[in-house]
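Here is the file input09.cif (mmCIF, C-alpha atoms and all ligand atoms).
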```cif
data_final
loop_
_atom_site.group_PDB
_atom_site.id
_atom_site.type_symbol
_atom_site.label_atom_id
_atom_site.label_comp_id
_atom_site.auth_asym_id
_atom_site.auth_seq_id
_atom_site.Cartn_x
_atom_site.Cartn_y
_atom_site.Cartn_z
ATOM 1 C CA MET A 29 0.000 0.000 0.000
ATOM 2 C CA ILE A 30 1.306 3.448 -0.886
ATOM 3 C CA SER A 31 1.473 5.806 2.066
ATOM 4 C CA ASP A 32 0.199 9.391 1.966
ATOM 5 C CA GLU A 33 3.781 10.574 2.276
ATOM 6 C CA LYS A 34 4.895 8.628 -0.775
ATOM 7 C CA GLN A 35 1.919 9.869 -2.764
ATOM 8 C CA LYS A 36 2.705 13.483 -1.892
ATOM 9 C CA TYR A 37 6.380 13.000 -2.657
ATOM 10 C CA ASP A 38 5.611 11.408 -6.029
ATOM 11 C CA SER A 39 3.338 14.245 -7.082
ATOM 12 C CA LYS A 40 5.223 17.259 -5.654
ATOM 13 C CA GLY A 41 8.778 16.008 -5.706
ATOM 14 C CA TYR A 42 9.465 17.006 -2.098
ATOM 15 C CA LEU A 43 8.338 16.708 1.521
ATOM 16 C CA LEU A 44 9.165 19.254 4.192
ATOM 17 C CA TYR A 45 9.005 18.155 7.819
ATOM 18 C CA GLU A 46 9.028 20.783 10.528
ATOM 19 C CA GLY A 47 10.798 19.485 13.628
ATOM 20 C CA PHE A 48 11.973 16.163 12.172
ATOM 21 C CA TYR A 49 14.801 16.503 14.679
ATOM 22 C CA THR A 50 14.943 18.589 17.808
ATOM 23 C CA ASN A 51 16.573 21.947 17.989
ATOM 24 C CA SER A 52 19.168 20.612 20.391
ATOM 25 C CA LEU A 53 20.183 17.791 18.039
ATOM 26 C CA ALA A 54 20.471 20.322 15.198
ATOM 27 C CA GLN A 55 22.674 22.435 17.433
ATOM 28 C CA SER A 56 24.957 19.496 18.288
ATOM 29 C CA ILE A 57 25.287 18.601 14.599
ATOM 30 C CA LYS A 58 26.137 22.201 13.772
ATOM 31 C CA GLU A 59 28.855 22.263 16.427
ATOM 32 C CA GLU A 60 30.230 19.020 15.021
ATOM 33 C CA ALA A 61 30.086 20.507 11.503
ATOM 34 C CA ARG A 62 32.149 23.488 12.634
ATOM 35 C CA ARG A 63 34.660 21.213 14.331
ATOM 36 C CA VAL A 64 35.129 19.014 11.256
ATOM 37 C CA ILE A 65 35.415 21.967 8.876
ATOM 38 C CA HIS A 66 37.935 23.649 11.158
ATOM 39 C CA GLU A 67 40.070 20.569 11.825
ATOM 40 C CA GLU A 68 40.039 18.906 8.430
ATOM 41 C CA ASP A 69 41.700 21.265 6.017
ATOM 42 C CA ASP A 70 41.745 19.176 2.861
ATOM 43 C CA GLU A 71 40.305 19.045 -0.648
ATOM 44 C CA ARG A 72 36.853 18.221 0.706
ATOM 45 C CA LYS A 73 36.537 21.870 1.723
ATOM 46 C CA ILE A 74 35.230 23.947 -1.203
ATOM 47 C CA LEU A 75 35.683 27.707 -1.032
ATOM 48 C CA GLU A 76 33.682 30.698 -2.138
ATOM 49 C CA LYS A 77 35.132 33.690 -3.864
ATOM 50 C CA SER A 78 35.312 35.547 -0.556
ATOM 51 C CA GLY A 79 37.601 32.772 0.757
ATOM 52 C CA VAL A 80 35.084 31.290 3.208
ATOM 53 C CA ALA A 81 34.043 27.623 3.090
ATOM 54 C CA ARG A 82 30.983 26.998 0.871
ATOM 55 C CA SER A 83 30.724 23.223 1.252
ATOM 56 C CA PHE A 84 32.430 20.396 3.067
ATOM 57 C CA PHE A 85 32.009 16.876 1.690
ATOM 58 C CA SER A 86 31.818 13.485 3.435
ATOM 59 C CA PRO A 87 32.039 14.726 7.049
ATOM 60 C CA GLU A 88 31.171 11.168 8.223
ATOM 61 C CA ASN A 89 34.776 10.165 7.392
ATOM 62 C CA ASN A 90 35.845 12.086 10.496
ATOM 63 C CA SER A 91 32.746 12.080 12.631
ATOM 64 C CA ASP A 92 30.730 9.430 14.399
ATOM 65 C CA LEU A 93 27.808 11.839 14.703
ATOM 66 C CA PHE A 94 27.530 12.339 10.930
ATOM 67 C CA TYR A 95 28.065 8.599 10.359
ATOM 68 C CA ARG A 96 25.094 7.862 12.629
ATOM 69 C CA LEU A 97 22.927 10.639 11.231
ATOM 70 C CA ASN A 98 23.238 9.179 7.705
ATOM 71 C CA ARG A 99 21.751 5.969 9.164
ATOM 72 C CA GLU A 100 19.287 7.477 11.645
ATOM 73 C CA LYS A 101 16.337 5.120 11.772
ATOM 74 C CA ASN A 102 13.433 7.533 11.078
ATOM 75 C CA MET A 103 15.326 9.116 8.220
ATOM 76 C CA LEU A 104 16.243 5.750 6.723
ATOM 77 C CA ARG A 105 12.728 4.295 7.052
ATOM 78 C CA LEU A 106 11.227 7.243 5.182
ATOM 79 C CA VAL A 107 13.933 7.390 2.493
ATOM 80 C CA LYS A 108 13.636 3.654 1.752
ATOM 81 C CA GLU A 109 9.895 4.023 1.429
ATOM 82 C CA LEU A 110 10.159 7.051 -0.884
ATOM 83 C CA LEU A 111 12.810 5.413 -3.082
ATOM 84 C CA GLY A 112 11.295 1.927 -2.908
ATOM 85 C CA GLY A 113 14.330 -0.150 -1.907
ATOM 86 C CA GLU A 114 17.623 -0.401 -0.041
ATOM 87 C CA VAL A 115 19.807 2.711 -0.146
ATOM 88 C CA TYR A 116 23.362 3.985 0.362
ATOM 89 C CA THR A 117 24.717 7.559 0.355
ATOM 90 C CA HIS A 118 26.005 8.733 -3.011
ATOM 91 C CA GLN A 119 27.132 12.100 -1.608
ATOM 92 C CA THR A 120 26.999 14.040 1.651
ATOM 93 C CA LYS A 121 27.892 17.673 2.268
ATOM 94 C CA ILE A 122 27.599 20.495 4.738
ATOM 95 C CA ASN A 123 26.592 23.717 2.971
ATOM 96 C CA ILE A 124 27.341 26.969 4.705
ATOM 97 C CA LYS A 125 25.935 30.316 3.712
ATOM 98 C CA HIS A 126 27.879 32.747 5.786
ATOM 99 C CA ALA A 127 26.164 35.789 7.252
ATOM 100 C CA LEU A 128 26.041 38.680 4.739
ATOM 101 C CA ILE A 129 28.302 37.026 2.142
ATOM 102 C CA GLY A 130 26.959 33.478 1.561
ATOM 103 C CA ASP A 131 26.613 33.024 -2.205
ATOM 104 C CA VAL A 132 23.787 31.742 -4.438
ATOM 105 C CA TRP A 133 23.020 28.330 -5.927
ATOM 106 C CA GLU A 134 21.722 28.849 -9.443
ATOM 107 C CA TRP A 135 18.597 27.051 -10.717
ATOM 108 C CA HIS A 136 19.463 23.434 -11.448
ATOM 109 C CA GLN A 137 18.489 19.796 -11.175
ATOM 110 C CA ASP A 138 20.823 17.536 -9.187
ATOM 111 C CA PHE A 139 20.440 14.322 -11.158
ATOM 112 C CA ILE A 140 22.155 15.679 -14.298
ATOM 113 C CA PHE A 141 25.445 15.976 -12.321
ATOM 114 C CA TRP A 142 25.183 12.398 -11.100
ATOM 115 C CA ALA A 143 24.123 11.080 -14.521
ATOM 116 C CA LYS A 144 26.702 12.943 -16.623
ATOM 117 C CA ASP A 145 29.638 13.131 -14.236
ATOM 118 C CA ASP A 146 29.205 9.878 -12.305
ATOM 119 C CA GLY A 147 27.247 7.625 -14.723
ATOM 120 C CA MET A 148 24.200 7.120 -12.499
ATOM 121 C CA PRO A 149 21.564 5.299 -14.567
ATOM 122 C CA ALA A 150 18.194 6.503 -13.213
ATOM 123 C CA PRO A 151 16.815 9.253 -10.973
ATOM 124 C CA ASN A 152 16.004 6.843 -8.129
ATOM 125 C CA VAL A 153 17.821 9.241 -5.867
ATOM 126 C CA LEU A 154 16.822 11.962 -3.418
ATOM 127 C CA THR A 155 18.416 14.408 -1.039
ATOM 128 C CA ALA A 156 17.534 15.027 2.582
ATOM 129 C CA MET A 157 18.433 18.581 3.606
ATOM 130 C CA VAL A 158 18.733 18.817 7.389
ATOM 131 C CA PHE A 159 18.404 22.407 8.646
ATOM 132 C CA LEU A 160 21.107 23.097 11.228
ATOM 133 C CA ASP A 161 19.971 26.718 11.646
ATOM 134 C CA ASP A 162 16.513 28.217 11.358
ATOM 135 C CA VAL A 163 16.029 28.763 7.628
ATOM 136 C CA THR A 164 14.168 31.998 6.905
ATOM 137 C CA GLU A 165 13.394 34.280 3.980
ATOM 138 C CA PHE A 166 16.516 36.237 4.923
ATOM 139 C CA ASN A 167 19.271 33.642 4.936
ATOM 140 C CA GLY A 168 18.999 31.903 1.559
ATOM 141 C CA PRO A 169 16.258 29.250 1.773
ATOM 142 C CA LEU A 170 15.920 26.644 -0.957
ATOM 143 C CA MET A 171 13.458 27.757 -3.662
ATOM 144 C CA ILE A 172 11.696 24.882 -5.391
ATOM 145 C CA ILE A 173 9.108 24.394 -8.119
ATOM 146 C CA PRO A 174 6.551 21.774 -7.045
ATOM 147 C CA GLY A 175 6.095 18.940 -9.523
ATOM 148 C CA SER A 176 9.045 20.011 -11.712
ATOM 149 C CA HIS A 177 10.712 16.590 -11.202
ATOM 150 C CA GLN A 178 8.042 15.184 -13.514
ATOM 151 C CA MET A 179 9.784 16.937 -16.441
ATOM 152 C CA GLY A 180 12.579 14.384 -16.129
ATOM 153 C CA MET A 181 16.208 15.362 -16.644
ATOM 154 C CA LEU A 182 16.414 18.287 -19.050
ATOM 155 C CA GLN A 183 19.416 18.350 -21.317
ATOM 156 C CA GLU A 184 21.797 21.232 -20.853
ATOM 157 C CA THR A 185 19.787 24.383 -21.407
ATOM 158 C CA GLN A 186 20.807 27.956 -22.146
ATOM 159 C CA LYS A 187 22.241 29.300 -18.909
ATOM 160 C CA ALA A 188 20.069 31.982 -17.308
ATOM 161 C CA ALA A 189 21.787 35.368 -16.943
ATOM 162 C CA SER A 190 24.507 35.218 -14.326
ATOM 163 C CA ASN A 191 26.971 37.551 -12.888
ATOM 164 C CA HIS A 192 30.079 35.500 -12.289
ATOM 165 C CA ASP A 193 33.614 36.607 -12.093
ATOM 166 C CA LYS A 194 35.784 35.212 -14.894
ATOM 167 C CA GLU A 195 39.011 35.964 -13.080
ATOM 168 C CA TRP A 196 37.897 34.002 -10.021
ATOM 169 C CA ASN A 197 36.900 31.102 -12.271
ATOM 170 C CA GLU A 198 40.358 31.052 -13.801
ATOM 171 C CA LYS A 199 42.163 31.367 -10.486
ATOM 172 C CA TYR A 200 40.244 28.763 -8.507
ATOM 173 C CA VAL A 201 37.361 26.985 -10.214
ATOM 174 C CA ASN A 202 39.339 25.960 -13.297
ATOM 175 C CA THR A 203 42.137 24.411 -11.235
ATOM 176 C CA LYS A 204 40.188 21.164 -10.777
ATOM 177 C CA SER A 205 37.537 19.958 -13.192
ATOM 178 C CA TYR A 206 35.146 18.818 -10.474
ATOM 179 C CA LEU A 207 34.928 22.319 -8.939
ATOM 180 C CA SER A 208 32.643 23.444 -11.773
ATOM 181 C CA ALA A 209 29.918 21.283 -10.231
ATOM 182 C CA LEU A 210 30.341 22.870 -6.830
ATOM 183 C CA SER A 211 30.911 26.601 -7.216
ATOM 184 C CA ALA A 212 28.331 29.397 -7.495
ATOM 185 C CA ASP A 213 28.910 29.344 -11.276
ATOM 186 C CA LEU A 214 27.338 25.903 -11.749
ATOM 187 C CA LYS A 215 28.161 23.604 -14.639
ATOM 188 C CA TYR A 216 24.628 22.350 -15.458
ATOM 189 C CA THR A 217 21.953 24.963 -14.901
ATOM 190 C CA LEU A 218 18.366 25.445 -16.052
ATOM 191 C CA GLY A 219 17.551 28.129 -18.609
ATOM 192 C CA GLN A 220 15.120 30.977 -18.068
ATOM 193 C CA GLN A 221 12.541 29.513 -20.481
ATOM 194 C CA GLU A 222 12.398 26.208 -18.626
ATOM 195 C CA ILE A 223 12.199 27.890 -15.218
ATOM 196 C CA LEU A 224 9.521 30.302 -16.423
ATOM 197 C CA GLY A 225 7.451 27.552 -18.062
ATOM 198 C CA MET A 226 7.341 25.495 -14.855
ATOM 199 C CA ALA A 227 6.957 28.454 -12.473
ATOM 200 C CA GLU A 228 3.974 29.816 -14.448
ATOM 201 C CA LYS A 229 2.236 26.473 -14.008
ATOM 202 C CA ARG A 230 3.209 25.477 -10.493
ATOM 203 C CA GLY A 231 4.586 28.544 -8.711
ATOM 204 C CA ILE A 232 7.719 28.695 -6.579
ATOM 205 C CA VAL A 233 7.852 27.685 -2.950
ATOM 206 C CA SER A 234 10.431 28.514 -0.368
ATOM 207 C CA ALA A 235 11.475 25.787 2.088
ATOM 208 C CA LYS A 236 11.756 27.475 5.456
ATOM 209 C CA GLY A 237 11.666 26.013 8.942
ATOM 210 C CA LYS A 238 13.226 25.770 12.362
ATOM 211 C CA ALA A 239 16.606 24.130 12.923
ATOM 212 C CA GLY A 240 15.975 20.365 12.952
ATOM 213 C CA SER A 241 13.479 20.466 10.062
ATOM 214 C CA VAL A 242 14.227 18.235 7.079
ATOM 215 C CA LEU A 243 13.403 18.724 3.397
ATOM 216 C CA PHE A 244 13.412 15.599 1.194
ATOM 217 C CA PHE A 245 13.609 16.362 -2.520
ATOM 218 C CA HIS A 246 13.754 14.398 -5.766
ATOM 219 C CA GLY A 247 16.919 14.384 -7.917
ATOM 220 C CA ASN A 248 15.102 16.057 -10.824
ATOM 221 C CA LEU A 249 13.329 18.803 -8.849
ATOM 222 C CA PHE A 250 14.107 22.343 -10.085
ATOM 223 C CA HIS A 251 15.749 24.255 -7.214
ATOM 224 C CA ALA A 252 17.967 27.248 -6.402
ATOM 225 C CA SER A 253 18.819 29.419 -3.430
ATOM 226 C CA PRO A 254 19.564 33.131 -3.060
ATOM 227 C CA ASN A 255 22.398 34.636 -1.072
ATOM 228 C CA ASN A 256 22.361 35.211 2.637
ATOM 229 C CA LEU A 257 21.965 38.880 3.426
ATOM 230 C CA SER A 258 21.047 38.232 7.052
ATOM 231 C CA PRO A 259 23.606 38.691 9.827
ATOM 232 C CA TRP A 260 23.310 34.965 10.731
ATOM 233 C CA ASP A 261 24.938 31.937 9.101
ATOM 234 C CA ARG A 262 22.801 29.289 7.407
ATOM 235 C CA TYR A 263 24.189 25.781 7.933
ATOM 236 C CA VAL A 264 22.475 22.787 6.318
ATOM 237 C CA TYR A 265 23.562 19.179 5.893
ATOM 238 C CA LEU A 266 22.614 17.392 2.662
ATOM 239 C CA ILE A 267 22.515 13.606 2.416
ATOM 240 C CA THR A 268 21.982 12.181 -1.060
ATOM 241 C CA TYR A 269 20.566 8.668 -0.929
ATOM 242 C CA ASN A 270 20.658 6.425 -3.969
ATOM 243 C CA ARG A 271 18.999 3.049 -4.429
ATOM 244 C CA VAL A 272 21.544 0.222 -4.273
ATOM 245 C CA ASP A 273 20.245 -1.191 -7.584
ATOM 246 C CA ASN A 274 21.015 2.172 -9.222
ATOM 247 C CA GLN A 275 24.804 2.087 -8.830
ATOM 248 C CA PRO A 276 26.693 4.403 -11.162
ATOM 249 C CA ASP A 277 28.613 3.037 -14.080
ATOM 250 C CA PHE A 278 31.560 5.352 -13.425
ATOM 251 C CA PRO A 279 33.404 6.945 -16.369
ATOM 252 C CA LYS A 280 37.147 6.397 -16.933
ATOM 253 C CA ASN A 281 38.231 9.384 -14.878
ATOM 254 C CA PRO A 282 35.672 9.387 -12.099
ATOM 255 C CA ARG A 283 35.235 12.203 -9.630
ATOM 256 C CA PRO A 284 36.954 11.621 -6.284
ATOM 257 C CA ALA A 285 35.174 9.246 -3.891
ATOM 258 C CA PHE A 286 34.465 12.086 -1.459
ATOM 259 C CA LEU A 287 32.096 13.486 -4.137
ATOM 260 C CA ALA A 288 30.751 10.225 -5.551
ATOM 261 C CA ASN A 289 30.848 7.371 -3.064
ATOM 262 C CA ARG A 290 31.964 3.891 -4.217
ATOM 263 C CA ASP A 291 30.690 1.982 -1.175
ATOM 264 C CA PHE A 292 27.274 0.607 -2.131
ATOM 265 C CA THR A 293 26.647 -1.373 1.050
ATOM 266 C CA PRO A 294 22.972 -0.955 2.023
ATOM 267 C CA LEU A 295 22.718 1.302 5.065
ATOM 268 C CA GLU A 296 21.559 -0.227 8.312
ATOM 269 C CA ALA A 297 19.459 1.790 10.724
ATOM 270 C CA MET A 298 21.137 3.132 13.852
ATOM 271 C CA GLU A 299 19.694 4.662 16.971
ATOM 272 C CA MET A 300 20.660 8.168 17.955
ATOM 273 C CA ALA A 301 20.171 9.452 21.437
ATOM 274 C CA TYR A 302 17.888 12.429 21.038
ATOM 275 C CA PRO A 303 14.500 13.414 22.426
ATOM 276 C CA VAL A 304 11.672 12.050 20.306
ATOM 277 C CA VAL A 305 9.232 14.533 18.801
ATOM 278 C CA SER A 306 6.465 13.967 16.272
ATOM 279 C CA PRO A 307 7.516 15.563 13.052
ATOM 280 C CA GLU A 308 4.790 17.121 10.953
ATOM 281 C CA VAL A 309 4.636 17.561 7.235
ATOM 282 C CA CYS A 310 4.165 21.253 6.604
ATOM 283 C CA GLN A 311 3.570 23.511 3.654
ATOM 284 C CA PRO A 312 6.430 25.654 2.462
ATOM 285 C CA ASP A 313 5.516 29.278 1.803
ATOM 286 C CA ILE A 314 3.866 29.921 -1.516
ATOM 287 C CA GLN A 315 5.681 32.920 -2.899
ATOM 288 C CA TYR A 316 4.621 33.243 -6.505
ATOM 289 C CA PRO A 317 2.068 32.996 -8.017
ATOM 290 C CA ILE A 318 -0.183 33.314 -4.962
ATOM 291 C CA SER A 319 -2.207 30.217 -5.805
ATOM 292 C CA ARG A 320 -2.775 28.014 -8.818
HETATM 293 C C1 LIG B 401 22.167 22.395 -3.501
HETATM 294 O O1 LIG B 401 21.470 22.711 -4.442
HETATM 295 O O2 LIG B 401 22.833 21.353 -3.536
HETATM 296 C C2 LIG B 401 22.252 23.190 -2.242
HETATM 297 C C3 LIG B 401 21.586 24.480 -2.228
HETATM 298 C C4 LIG B 401 21.727 25.192 -0.930
HETATM 299 O O3 LIG B 401 22.560 24.840 -0.065
HETATM 300 O O4 LIG B 401 20.985 26.162 -0.740
HETATM 301 MN MN MN B 402 21.244 20.935 -5.786
#
```
This structure in structure tokens:
Amino acid sequence: MISDEKQKYDSKGYLLYEGFYTNSLAQSIKEEARRVIHEEDDERKILEKSGVARSFFSPENNSDLFYRLNREKNMLRLVKELLGGEVYTHQTKINIKHALIGDVWEWHQDFIFWAKDDGMPAPNVLTAMVFLDDVTEFNGPLMIIPGSHQMGMLQETQKAASNHDKEWNEKYVNTKSYLSALSADLKYTLGQQEILGMAEKRGIVSAKGKAGSVLFFHGNLFHASPNNLSPWDRYVYLITYNRVDNQPDFPKNPRPAFLANRDFTPLEAMEMAYPVVSPEVCQPDIQYPISR
């Protein structure tokens, strides 16, 4: 029998749970995130133009807390139900949008990166975004277009207007080929026509919520996020789960394992000591159009 959650996920391409985890757990994870980013100064730390860290990949390599969170039993139960089988993590990352200077994520679909760069066969893949800070209209929430995953993976489209710095690209982004999938000047983006066509039909919603909330979204969902002009950081942790029967057929020069995991062992649920709350599915804010 298909659950209500699965039905909603299949039609909208996302589920947002307010209070999936408690505020205090979110706070502990954020502290751990800061520790790992500070202590582990290696290629897994991706920088922004301002020199601050934008992302940090595979924190579970150095952290029991992240290792357990990837396998947390409520998370895993829901993800297996939404994807319809056993899962492993294809990619995990902490994304930081620093107060005042945190940069944008252009409109894109995730699956095209995994299909083209990693050889993933099908979009049986989703991402759980765990909010480690309150996410508000001020600090760069994820903007999503409901139902846009049903378009499937669009081929590379004309890049929407962007304002990126060529010099910075030459100095940093072009030093390693994989950085073009991770910087603010994204490699595979959606074009204005595609975004407009979907947004006119379905509107744009903004995924906001308290620290501890979790957004689950489909690999083909159109999404983007604006910069953080608030005086507070926005930390989130993104766990990309792939079905074990959807293992990538990696190209000859694959991306490093910290970006595209090679361990396909099905994840086993783990307990985490944290106060139990009853998470509720909630509606993200409808921003535009008002209702359709
Ligand atoms: C992403 O698209 O992978 C992340 C966007 C964000 O951190 O806002
Ligand atoms: Mn994305």
How close does chain A get to ligand LIG 401 (chain B)? List, as a tab-separated table, each residue of chain A within 6 Å, its nearest atom pair and the distance in Å to one decimal, counting all atoms listed in the file.
```
residue	atom	partner	partner_atom	distance
A:Asn123	CA	B:LIG401	O3	5.2
A:Trp133	CA	B:LIG401	C3	5.5
A:Leu170	CA	B:LIG401	O4	5.1
A:Ser253	CA	B:LIG401	O4	4.7
```
Exercise for the section: Give the residue list for ligand MN 402 (chain B) at 7 Å, counting all atoms listed in the file, as a list in words, sorted by chain and then by residue number. Expected result: His136, Gln137, Asp138 and His251 of chain A
Exercise for the section: Just the residues within 10 Å of Ser52 in chain A, please, counting all atoms listed in the file, with nothing from its chain fewer than 2 positions along; format it as a PyMOL selection string. Expected result: chain A and resi 49-50+54-58+160+239-240+302-303
Practice task
I would like the residues chosen by the PyMOL selection byres (((chain A and resi 98) around 12) and not hetatm) on the shown file; could you give them as number ranges by chain?
Solution key: A: 57, 86-89, 91-97, 99-105, 107, 115-121, 155-158, 265-269, 294-300
Fill in the blank from the handout: Nearest to Gly180 in chain A, restricted to only C-alpha atoms and choosing among A:Pro151, A:Gly79, A:Pro279, A:Gly225, comes out as A:Pro151
Handout entry: Gap from CA of Lys204 in chain A to CA of Arg271 in chain A - Å, one decimal
Key = 28.6 Å
